[in-house]
file protein_8.tsv (TSV, C-alpha atoms and all ligand atoms)
chain	number	residue	atom	x	y	z
A	1	MET	CA	21.69	13.95	-23.23
A	2	LEU	CA	20.15	13.00	-19.87
A	3	GLY	CA	22.54	15.33	-18.03
A	4	GLN	CA	20.99	18.38	-19.65
A	5	LYS	CA	17.49	17.47	-18.60
A	6	LYS	CA	16.00	19.35	-15.69
A	7	ILE	CA	13.75	17.65	-13.15
A	8	LEU	CA	11.75	19.02	-10.25
A	9	ILE	CA	11.65	16.66	-7.25
A	10	THR	CA	8.68	17.84	-5.21
A	11	ARG	CA	9.43	16.28	-1.79
A	12	ASN	CA	12.51	15.32	0.16
A	13	VAL	CA	13.19	11.80	-1.15
A	14	PRO	CA	15.90	9.51	0.36
A	15	ASP	CA	19.54	10.56	-0.08
A	16	ALA	CA	20.37	7.58	-2.32
A	17	VAL	CA	17.63	8.69	-4.71
A	18	ILE	CA	18.76	12.32	-4.66
A	19	ASN	CA	22.35	11.25	-5.33
A	20	ARG	CA	21.35	9.16	-8.32
A	21	ALA	CA	19.09	11.92	-9.64
A	22	ARG	CA	21.89	14.47	-9.29
A	23	ALA	CA	24.33	12.18	-11.09
A	24	THR	CA	22.01	12.09	-14.08
A	25	TYR	CA	19.97	15.29	-14.16
A	26	GLN	CA	19.94	18.93	-13.19
A	27	THR	CA	17.68	18.65	-10.17
A	28	THR	CA	15.60	21.12	-8.22
A	29	LEU	CA	14.92	19.86	-4.70
A	30	ASN	CA	12.38	20.77	-2.04
A	31	ASN	CA	14.62	21.07	1.00
A	32	ASP	CA	11.78	22.38	3.21
A	33	ASP	CA	9.77	19.27	2.34
A	34	GLU	CA	6.47	21.17	2.50
A	35	PRO	CA	4.01	20.07	-0.21
A	36	TYR	CA	3.79	22.73	-2.92
A	37	GLY	CA	0.55	24.55	-3.57
A	38	ALA	CA	-0.62	24.74	-7.18
A	39	ASP	CA	0.91	28.16	-7.91
A	40	GLN	CA	4.29	27.18	-6.46
A	41	MET	CA	4.29	23.93	-8.43
A	42	ILE	CA	3.56	25.79	-11.67
A	43	GLU	CA	6.24	28.38	-10.94
A	44	LEU	CA	8.90	25.80	-10.07
A	45	ALA	CA	8.01	23.68	-13.11
A	46	GLN	CA	9.00	26.52	-15.47
A	47	GLY	CA	11.92	25.41	-17.65
A	48	LYS	CA	11.85	21.83	-16.29
A	49	ASP	CA	11.54	18.71	-18.41
A	50	ALA	CA	9.88	16.45	-15.85
A	51	ILE	CA	8.38	16.35	-12.38
A	52	LEU	CA	9.10	13.59	-9.88
A	53	CYS	CA	6.10	13.99	-7.57
A	54	THR	CA	4.53	12.08	-4.70
A	55	LEU	CA	1.02	11.21	-3.56
A	56	THR	CA	1.02	14.42	-1.48
A	57	ASN	CA	1.03	16.59	-4.60
A	58	ASP	CA	-2.15	17.75	-6.27
A	59	MET	CA	-1.70	16.94	-9.95
A	60	SER	CA	-5.31	17.53	-10.87
A	61	ARG	CA	-6.52	18.83	-14.22
A	62	THR	CA	-6.30	22.47	-13.13
A	63	VAL	CA	-2.61	22.03	-12.27
A	64	ILE	CA	-1.71	19.89	-15.29
A	65	GLU	CA	-3.35	22.34	-17.70
A	66	ARG	CA	-1.13	25.13	-16.34
A	67	LEU	CA	2.17	23.22	-16.53
A	68	PRO	CA	4.69	24.64	-19.00
A	69	ASN	CA	5.03	22.96	-22.39
A	70	SER	CA	8.54	21.88	-21.44
A	71	ILE	CA	7.19	19.21	-19.04
A	72	CYS	CA	7.08	15.93	-20.89
A	73	ALA	CA	6.79	13.48	-17.97
A	74	ILE	CA	5.40	13.16	-14.46
A	75	ALA	CA	6.93	10.25	-12.53
A	76	THR	CA	5.13	9.64	-9.26
A	77	PHE	CA	7.04	8.18	-6.31
A	78	SER	CA	4.09	5.89	-5.52
A	79	VAL	CA	2.08	3.02	-6.87
A	80	GLY	CA	-1.17	4.93	-6.28
A	81	TYR	CA	-1.92	7.63	-8.83
A	82	GLU	CA	-5.31	9.01	-7.83
A	83	HIS	CA	-3.61	12.39	-7.22
A	84	ILE	CA	-2.86	12.68	-10.97
A	85	ASP	CA	-5.49	13.38	-13.62
A	86	LEU	CA	-4.34	10.89	-16.23
A	87	GLU	CA	-6.76	12.12	-18.87
A	88	ALA	CA	-5.55	15.72	-18.50
A	89	ALA	CA	-1.95	14.50	-18.82
A	90	ARG	CA	-2.78	12.41	-21.88
A	91	GLU	CA	-4.46	15.38	-23.53
A	92	ARG	CA	-1.29	17.42	-23.03
A	93	GLY	CA	0.97	14.60	-24.23
A	94	ILE	CA	2.61	14.26	-20.81
A	95	ILE	CA	3.78	10.76	-19.95
A	96	VAL	CA	2.82	9.58	-16.45
A	97	THR	CA	4.53	6.69	-14.63
A	98	ASN	CA	4.25	5.05	-11.19
A	99	THR	CA	6.22	2.53	-9.09
A	100	PRO	CA	4.34	-0.79	-8.91
A	101	GLY	CA	5.96	-3.95	-7.56
A	102	VAL	CA	8.65	-2.51	-5.35
A	103	LEU	CA	6.41	-1.77	-2.36
A	104	THR	CA	4.38	-4.98	-2.38
A	105	GLU	CA	6.19	-6.80	0.43
A	106	ALA	CA	6.58	-3.78	2.74
A	107	THR	CA	2.91	-2.89	2.43
A	108	ALA	CA	1.81	-6.47	3.04
A	109	ASP	CA	4.03	-6.51	6.15
A	110	VAL	CA	2.16	-3.49	7.47
A	111	ALA	CA	-1.20	-5.12	6.69
A	112	LEU	CA	-0.10	-8.01	8.96
A	113	LEU	CA	1.13	-5.55	11.58
A	114	LEU	CA	-2.33	-3.97	11.53
A	115	ILE	CA	-4.09	-7.35	11.70
A	116	LEU	CA	-2.02	-8.27	14.74
A	117	GLY	CA	-2.10	-4.83	16.33
A	118	ALA	CA	-5.88	-4.48	15.98
A	119	SER	CA	-6.85	-8.03	16.93
A	120	ARG	CA	-4.42	-8.20	19.89
A	121	ARG	CA	-5.29	-4.73	21.21
A	122	ALA	CA	-1.77	-3.37	20.85
A	123	ARG	CA	-2.89	0.26	21.20
A	124	GLU	CA	-4.52	-0.40	24.57
A	125	GLY	CA	-1.51	-2.47	25.65
A	126	ALA	CA	0.95	0.30	24.76
A	127	GLU	CA	-1.19	2.86	26.61
A	128	MET	CA	-1.48	0.57	29.65
A	129	ILE	CA	2.25	-0.04	29.93
A	130	ALA	CA	2.96	3.69	29.59
A	131	GLY	CA	0.37	4.38	32.32
A	132	ASP	CA	-0.62	2.40	35.39
A	133	TRP	CA	-0.20	-1.29	34.52
A	134	SER	CA	-0.81	-3.24	37.68
A	135	GLY	CA	0.38	-6.62	36.36
A	136	TRP	CA	-0.90	-9.69	34.51
A	137	THR	CA	-4.48	-10.79	35.04
A	138	PRO	CA	-6.37	-13.70	33.46
A	139	THR	CA	-8.77	-11.38	31.62
A	140	GLN	CA	-6.52	-8.47	30.74
A	141	LEU	CA	-6.84	-7.12	27.20
A	142	MET	CA	-8.14	-10.34	25.68
A	143	GLY	CA	-8.12	-10.00	21.91
A	144	LEU	CA	-9.11	-12.19	18.99
A	145	SER	CA	-7.10	-15.10	17.56
A	146	MET	CA	-6.23	-15.13	13.90
A	147	GLN	CA	-5.93	-18.94	13.62
A	148	THR	CA	-8.78	-20.60	11.69
A	149	LYS	CA	-10.43	-17.20	11.04
A	150	ARG	CA	-11.48	-16.20	7.54
A	151	LEU	CA	-9.50	-13.30	6.06
A	152	GLY	CA	-11.46	-11.54	3.32
A	153	ILE	CA	-9.18	-9.72	0.90
A	154	LEU	CA	-10.83	-7.11	-1.30
A	155	GLY	CA	-8.51	-6.61	-4.27
A	156	MET	CA	-6.28	-9.60	-4.90
A	157	GLY	CA	-3.49	-7.81	-6.75
A	158	ASP	CA	0.17	-8.09	-5.80
A	159	ILE	CA	-0.28	-6.61	-2.31
A	160	GLY	CA	-3.46	-8.56	-1.58
A	161	ARG	CA	-1.71	-11.81	-2.54
A	162	ALA	CA	1.38	-10.95	-0.48
A	163	CYS	CA	-0.93	-10.33	2.48
A	164	ALA	CA	-2.54	-13.73	1.86
A	165	VAL	CA	0.87	-15.46	1.93
A	166	ARG	CA	1.60	-13.96	5.35
A	167	ALA	CA	-1.89	-14.59	6.76
A	168	ARG	CA	-1.78	-18.27	5.72
A	169	ALA	CA	1.36	-18.65	7.84
A	170	PHE	CA	-0.75	-17.47	10.79
A	171	GLY	CA	-3.35	-20.17	10.12
A	172	MET	CA	-5.97	-17.96	8.45
A	173	GLU	CA	-8.34	-19.16	5.74
A	174	ILE	CA	-8.14	-16.87	2.70
A	175	HIS	CA	-11.21	-15.56	0.84
A	176	TYR	CA	-11.17	-12.84	-1.80
A	177	HIS	CA	-13.04	-10.76	-4.30
A	178	ASN	CA	-11.38	-9.25	-7.34
A	179	ARG	CA	-12.71	-7.82	-10.59
A	180	THR	CA	-11.47	-10.98	-12.30
A	181	ARG	CA	-10.96	-14.38	-10.73
A	182	LEU	CA	-7.32	-15.40	-10.42
A	183	SER	CA	-5.78	-18.53	-11.93
A	184	PRO	CA	-5.51	-21.52	-9.53
A	185	GLU	CA	-1.72	-20.91	-9.30
A	186	LEU	CA	-2.27	-17.37	-8.08
A	187	GLU	CA	-5.27	-18.27	-5.89
A	188	GLU	CA	-3.18	-20.76	-3.92
A	189	GLY	CA	-6.33	-22.30	-2.46
A	190	ALA	CA	-8.09	-19.00	-1.66
A	191	THR	CA	-11.87	-19.02	-2.04
A	192	TYR	CA	-13.23	-16.63	-4.68
A	193	HIS	CA	-16.44	-14.68	-4.12
A	194	GLY	CA	-18.24	-13.24	-7.14
A	195	SER	CA	-19.19	-10.00	-5.39
A	196	ALA	CA	-17.71	-7.81	-2.68
A	197	GLU	CA	-20.90	-8.20	-0.66
A	198	GLU	CA	-20.60	-12.00	-0.68
A	199	LEU	CA	-17.01	-11.63	0.51
A	200	LEU	CA	-18.07	-9.35	3.38
A	201	LYS	CA	-20.47	-11.99	4.70
A	202	VAL	CA	-17.59	-14.41	5.41
A	203	SER	CA	-14.90	-11.91	6.45
A	204	ASP	CA	-14.04	-12.40	10.12
A	205	PHE	CA	-11.13	-10.15	9.20
A	206	LEU	CA	-11.45	-7.84	6.18
A	207	SER	CA	-8.36	-6.37	4.52
A	208	LEU	CA	-8.86	-3.67	1.89
A	209	HIS	CA	-6.38	-3.72	-1.02
A	210	CYS	CA	-8.41	-2.13	-3.81
A	211	PRO	CA	-7.32	1.11	-5.51
A	212	LEU	CA	-9.34	4.24	-4.87
A	213	SER	CA	-11.75	4.90	-7.74
A	214	PRO	CA	-15.29	6.28	-8.10
A	215	ASP	CA	-16.45	2.65	-7.64
A	216	THR	CA	-14.56	2.05	-4.39
A	217	LYS	CA	-14.99	5.50	-2.76
A	218	TYR	CA	-16.74	5.04	0.60
A	219	PHE	CA	-17.18	1.35	-0.22
A	220	LEU	CA	-17.20	0.25	3.43
A	221	ASN	CA	-20.31	2.09	4.59
A	222	GLU	CA	-22.96	1.33	7.24
A	223	GLU	CA	-24.89	-0.97	4.93
A	224	ARG	CA	-21.84	-3.07	4.06
A	225	ILE	CA	-20.51	-3.14	7.63
A	226	ALA	CA	-23.86	-4.73	8.55
A	227	LEU	CA	-23.01	-7.66	6.23
A	228	LEU	CA	-19.85	-8.60	8.17
A	229	PRO	CA	-19.97	-11.51	10.64
A	230	PRO	CA	-20.05	-10.67	14.39
A	231	ASN	CA	-16.84	-9.20	15.90
A	232	PRO	CA	-15.05	-8.46	12.64
A	233	VAL	CA	-11.66	-6.77	12.33
A	234	VAL	CA	-11.26	-4.22	9.51
A	235	ILE	CA	-7.84	-3.45	8.01
A	236	ASN	CA	-7.00	-0.74	5.48
A	237	THR	CA	-3.65	-0.22	3.76
A	238	SER	CA	-5.11	0.95	0.43
A	239	ARG	CA	-6.55	4.47	0.52
A	240	GLY	CA	-8.52	6.18	3.29
A	241	PRO	CA	-11.58	7.17	1.27
A	242	VAL	CA	-12.40	3.50	0.60
A	243	ILE	CA	-13.95	3.65	4.09
A	244	ASP	CA	-16.86	5.81	5.22
A	245	ASP	CA	-15.22	7.00	8.45
A	246	GLU	CA	-18.40	8.00	10.26
A	247	ALA	CA	-19.87	4.54	9.66
A	248	LEU	CA	-16.73	2.71	10.83
A	249	ILE	CA	-16.29	4.93	13.90
A	250	ALA	CA	-19.93	4.33	14.90
A	251	ALA	CA	-19.39	0.57	14.46
A	252	LEU	CA	-16.17	0.63	16.51
A	253	LYS	CA	-17.97	2.53	19.29
A	254	SER	CA	-21.00	0.24	19.35
A	255	GLY	CA	-18.86	-2.91	19.18
A	256	ARG	CA	-20.42	-3.98	15.85
A	257	VAL	CA	-16.82	-3.93	14.59
A	258	ALA	CA	-14.41	-5.40	17.15
A	259	ALA	CA	-11.32	-3.54	15.98
A	260	ALA	CA	-9.79	-1.69	13.06
A	261	GLY	CA	-6.20	-1.38	11.88
A	262	LEU	CA	-5.75	1.64	9.64
A	263	ASP	CA	-2.65	2.98	7.86
A	264	VAL	CA	-4.44	5.38	5.50
A	265	PHE	CA	-7.09	8.03	6.08
A	266	ASP	CA	-9.59	10.11	4.18
A	267	GLY	CA	-8.17	13.64	4.08
A	268	GLU	CA	-4.83	12.59	5.61
A	269	PRO	CA	-2.81	13.89	7.33
A	270	LYS	CA	-5.97	15.17	9.06
A	271	LEU	CA	-7.83	12.08	10.15
A	272	ASN	CA	-11.37	11.96	11.49
A	273	PRO	CA	-10.88	12.78	15.21
A	274	GLY	CA	-13.45	10.13	16.08
A	275	TYR	CA	-10.75	7.47	15.55
A	276	LEU	CA	-8.60	8.97	18.29
A	277	ASN	CA	-11.31	8.22	20.86
A	278	CYS	CA	-11.70	4.60	19.75
A	279	LYS	CA	-9.27	2.47	21.73
A	280	ASN	CA	-10.08	-0.41	19.40
A	281	ALA	CA	-8.63	1.52	16.44
A	282	PHE	CA	-4.94	0.72	15.91
A	283	LEU	CA	-3.66	3.59	13.80
A	284	LEU	CA	-0.46	4.17	11.82
A	285	PRO	CA	0.57	7.26	9.79
A	286	HIS	CA	0.66	5.80	6.23
A	287	LEU	CA	3.76	3.69	6.85
A	288	GLY	CA	2.99	0.90	4.37
A	289	SER	CA	6.02	1.43	2.16
A	290	ALA	CA	8.22	3.10	4.78
A	291	THR	CA	11.37	0.96	4.81
A	292	ILE	CA	14.73	2.29	3.66
A	293	GLU	CA	15.00	-0.41	1.03
A	294	THR	CA	11.48	0.16	-0.29
A	295	ARG	CA	11.61	3.95	-0.40
A	296	ASN	CA	14.98	3.76	-2.22
A	297	ALA	CA	13.48	1.28	-4.67
A	298	MET	CA	10.49	3.54	-5.25
A	299	GLY	CA	12.79	6.45	-6.06
A	300	PHE	CA	15.01	4.35	-8.32
A	301	THR	CA	11.94	3.06	-10.15
A	302	ALA	CA	10.69	6.61	-10.69
A	303	LEU	CA	14.14	7.53	-12.06
A	304	ASP	CA	14.22	4.40	-14.26
A	305	ASN	CA	10.97	5.61	-15.76
A	306	LEU	CA	12.37	9.10	-16.43
A	307	ASP	CA	15.62	7.66	-17.84
A	308	ALA	CA	13.55	5.64	-20.31
A	309	VAL	CA	11.45	8.66	-21.31
A	310	PHE	CA	14.54	10.78	-21.99
A	311	SER	CA	16.26	7.94	-23.85
A	312	GLY	CA	13.27	7.69	-26.19
A	313	GLU	CA	12.25	4.31	-24.80
A	314	GLU	CA	8.95	3.07	-23.40
A	315	PRO	CA	9.08	3.65	-19.62
A	316	PRO	CA	8.59	0.37	-17.70
A	317	ASN	CA	5.66	1.70	-15.67
A	318	LYS	CA	3.82	3.97	-18.06
A	319	LEU	CA	0.24	4.82	-17.08
A	320	VAL	CA	-0.44	7.16	-20.03
A	401	LIG	C1	1.78	4.31	-2.71
A	401	LIG	O1	2.88	4.20	-3.29
A	401	LIG	O2	0.74	4.54	-3.32
A	401	LIG	C2	1.77	4.12	-1.24
A	401	LIG	O3	0.57	4.50	-0.67
A	401	LIG	C3	2.93	4.84	-0.59
A	401	LIG	O4	3.11	4.25	0.66
call {"tool": "encode", "arguments": {"input": "protein_8.tsv", "output": "structure tokens", "more": "lines below"}}
Ligand code: DGY
result
Amino acid sequence: MLGQKKILITRNVPDAVINRARATYQTTLNNDDEPYGADQMIELAQGKDAILCTLTNDMSRTVIERLPNSICAIATFSVGYEHIDLEAARERGIIVTNTPGVLTEATADVALLLILGASRRAREGAEMIAGDWSGWTPTQLMGLSMQTKRLGILGMGDIGRACAVRARAFGMEIHYHNRTRLSPELEEGATYHGSAEELLKVSDFLSLHCPLSPDTKYFLNEERIALLPPNPVVINTSRGPVIDDEALIAALKSGRVAAAGLDVFDGEPKLNPGYLNCKNAFLLPHLGSATIETRNAMGFTALDNLDAVFSGEEPPNKLV
């Protein structure tokens, strides 16, 4: 009986998601919405059957090993799952699920927002209009055009491809690198590069869409920034640690990189303060999936996964 199952929801998810969870399960909510520390998570997990967590929760091996035996599933309210030690969960027989698919379009929208905001100097424009704008001039805040520029997409999964669809509509030429080359139907005319370094060499704009892994951590470092063409624009909607912040900040300050549009940060919510002094850094607070429709869909997908687990079925988005 699903109604007898007890779930811990670790952050304040949208009302529609809470209402559905309450209709099905005995739920414990986090009304303060402060991320739990390890001890609090372990304490609150006592007697629960599952945890619906988010990317702000540390579900590392040390936490997973201390979870009570009653926990049989962890459903993360995210597509990213680098905050969960999958191997530790597998060893304990805990099912882990995520929410792919439902945030593709919203995240690609924000990638385009960042491309536009960075290349058209939106941060400086917003600061100027809030300050002492003295009127239009022929040379005021001249940015970079997107039309005919090459957009290099690193990681041509669902979100990378949705970004390509939007960028094509703005007249950009799409290039990409992916672990495996896509079929011609999925490529839709995009040019494949066999290595990330070859992609960097042609990326007038570079948009990062790869998951965070030991291979991609600090991928965009000083050496790789040097491969980019002159005046590049760097966009990141994947995970902050894919970029070596000190290297990108130095490049933004020197002008080696014309502008950056960033929605995710290493160590967020604390971002490297160097970005705040770079007027050519257009920054957003991890808003990629932040639409009402998308956040509801993420919650419903997490609940679909739990419903399947407790009905003895294979959850649609099982990671382990
Ligand atoms: C995810 O689901 O991993 C996203 O980063 C949330 O916006």
call {"tool": "residues_near_ligand", "arguments": {"input": "protein_8.tsv", "ligand": "ligand LIG 401 (chain A)", "cutoff": "12 Å", "atoms": "all atoms listed in the file", "output": "count of residues only"}}
result
57
call {"tool": "atom_distance", "arguments": {"input": "protein_8.tsv", "atom1": "CA of Ile64 in chain A", "atom2": "CA of Ala88 in chain A"}}
result
6.5 Å
call {"tool": "residues_around", "arguments": {"input": "protein_8.tsv", "residues": "Pro35 in chain A", "least_positions_apart": "6", "cutoff": "8 Å", "atoms": "only C-alpha atoms", "output": "PyMOL selection string"}}
result
chain A and resi 10-11+56-57
call {"tool": "residues_around", "arguments": {"input": "protein_8.tsv", "residues": "Lys5 in chain A", "least_positions_apart": "6", "cutoff": "7 Å", "atoms": "all atoms listed in the file", "output": "VMD selection string"}}
result
chain A and resid 25 to 26 49
call {"tool": "closest_residue", "arguments": {"input": "protein_8.tsv", "among": "A:Asn221, A:Ala130, A:Arg179, A:Pro229", "to": "Gly152 in chain A", "atoms": "all atoms listed in the file"}}
result
A:Pro229
call {"tool": "closest_residue", "arguments": {"input": "protein_8.tsv", "among": "A:Met146, A:Ala38, A:Ala50, A:Ala308", "to": "Ile115 in chain A", "atoms": "all atoms listed in the file"}}
result
A:Met146
call {"tool": "closest_residue", "arguments": {"input": "protein_8.tsv", "among": "A:Arg150, A:Arg20, A:Met172, A:Gly155", "to": "Leu228 in chain A", "atoms": "only C-alpha atoms"}}
result
A:Arg150
call {"tool": "residues_around", "arguments": {"input": "protein_8.tsv", "residues": "Ile51 in chain A", "least_positions_apart": "6", "cutoff": "9 Å", "atoms": "all atoms listed in the file", "output": "ChimeraX atom specification"}}
result
/A:6-10,45,71-76
call {"tool": "closest_residue", "arguments": {"input": "protein_8.tsv", "among": "A:Gly261, A:Leu116, A:Gly171, A:Gly3", "to": "Ser311 in chain A", "atoms": "all atoms listed in the file"}}
result
A:Gly3
call {"tool": "atom_distance", "arguments": {"input": "protein_8.tsv", "atom1": "CA of Val257 in chain A", "atom2": "CA of Trp136 in chain A"}}
result
26.1 Å
call {"tool": "atom_distance", "arguments": {"input": "protein_8.tsv", "atom1": "CA of Ala258 in chain A", "atom2": "CA of Ser203 in chain A"}}
result
12.5 Å
call {"tool": "closest_residue", "arguments": {"input": "protein_8.tsv", "among": "A:Thr148, A:Gln140, A:Asn30, A:Asn69", "to": "Gly125 in chain A", "atoms": "all atoms listed in the file"}}
result
A:Gln140
call {"tool": "build_atoms", "arguments": {"input": "protein_8.tsv", "residues": "range 18-27 of chain A", "atoms": "all heavy atoms", "output": "short mmCIF file (atom, residue, chain, number, x, y, z; two decimals), keeping the file's coordinate frame"}}
result
data_model
loop_
_atom_site.label_atom_id
_atom_site.label_comp_id
_atom_site.auth_asym_id
_atom_site.auth_seq_id
_atom_site.Cartn_x
_atom_site.Cartn_y
_atom_site.Cartn_z
N ILE A 18 18.28 10.97 -4.27
CA ILE A 18 18.76 12.32 -4.66
C ILE A 18 20.13 12.20 -5.34
O ILE A 18 20.38 12.81 -6.39
CB ILE A 18 18.85 13.24 -3.43
CG1 ILE A 18 17.43 13.55 -2.92
CG2 ILE A 18 19.58 14.54 -3.77
CD1 ILE A 18 17.38 14.39 -1.67
N ASN A 19 21.01 11.38 -4.76
CA ASN A 19 22.35 11.25 -5.33
C ASN A 19 22.29 10.71 -6.75
O ASN A 19 23.00 11.19 -7.64
CB ASN A 19 23.22 10.35 -4.45
CG ASN A 19 23.52 11.02 -3.11
OD1 ASN A 19 23.41 12.25 -3.00
ND2 ASN A 19 23.89 10.25 -2.10
N ARG A 20 21.44 9.69 -6.94
CA ARG A 20 21.35 9.16 -8.32
C ARG A 20 20.74 10.19 -9.25
O ARG A 20 21.20 10.35 -10.39
CB ARG A 20 20.52 7.86 -8.32
CG ARG A 20 20.31 7.39 -9.74
CD ARG A 20 19.68 6.05 -9.88
NE ARG A 20 18.89 6.03 -11.11
CZ ARG A 20 18.11 5.05 -11.48
NH1 ARG A 20 18.01 3.97 -10.72
NH2 ARG A 20 17.42 5.13 -12.59
N ALA A 21 19.72 10.91 -8.78
CA ALA A 21 19.09 11.92 -9.64
C ALA A 21 20.11 12.99 -10.02
O ALA A 21 20.20 13.40 -11.18
CB ALA A 21 17.89 12.54 -8.93
N ARG A 22 20.90 13.41 -9.04
CA ARG A 22 21.89 14.47 -9.29
C ARG A 22 22.98 14.02 -10.25
O ARG A 22 23.53 14.82 -10.99
CB ARG A 22 22.55 14.88 -7.98
CG ARG A 22 21.72 15.89 -7.23
CD ARG A 22 22.52 16.37 -6.05
NE ARG A 22 21.97 17.56 -5.47
CZ ARG A 22 22.01 17.83 -4.18
NH1 ARG A 22 22.59 16.98 -3.34
NH2 ARG A 22 21.51 18.95 -3.72
N ALA A 23 23.29 12.71 -10.20
CA ALA A 23 24.33 12.18 -11.09
C ALA A 23 23.86 12.18 -12.54
O ALA A 23 24.67 12.13 -13.46
CB ALA A 23 24.71 10.76 -10.66
N THR A 24 22.55 12.22 -12.73
CA THR A 24 22.01 12.09 -14.08
C THR A 24 21.39 13.38 -14.62
O THR A 24 21.46 13.64 -15.82
CB THR A 24 20.91 10.99 -14.11
OG1 THR A 24 21.34 9.89 -13.32
CG2 THR A 24 20.61 10.53 -15.51
N TYR A 25 20.77 14.14 -13.72
CA TYR A 25 19.97 15.29 -14.16
C TYR A 25 20.37 16.57 -13.43
O TYR A 25 21.01 16.52 -12.37
CB TYR A 25 18.48 15.03 -13.85
CG TYR A 25 17.92 13.84 -14.57
CD1 TYR A 25 17.66 12.65 -13.90
CD2 TYR A 25 17.66 13.91 -15.94
CE1 TYR A 25 17.15 11.55 -14.57
CE2 TYR A 25 17.15 12.81 -16.62
CZ TYR A 25 16.90 11.64 -15.93
OH TYR A 25 16.40 10.56 -16.60
N GLN A 26 19.91 17.69 -13.97
CA GLN A 26 19.94 18.93 -13.19
C GLN A 26 18.67 18.92 -12.34
O GLN A 26 17.56 18.91 -12.89
CB GLN A 26 19.95 20.13 -14.13
CG GLN A 26 21.22 20.23 -14.96
CD GLN A 26 21.18 21.46 -15.84
OE1 GLN A 26 20.87 22.56 -15.39
NE2 GLN A 26 21.49 21.27 -17.11
N THR A 27 18.85 18.87 -11.04
CA THR A 27 17.68 18.65 -10.17
C THR A 27 17.35 19.91 -9.36
O THR A 27 18.24 20.63 -8.92
CB THR A 27 17.95 17.51 -9.17
OG1 THR A 27 19.13 17.80 -8.45
CG2 THR A 27 18.12 16.19 -9.86
#
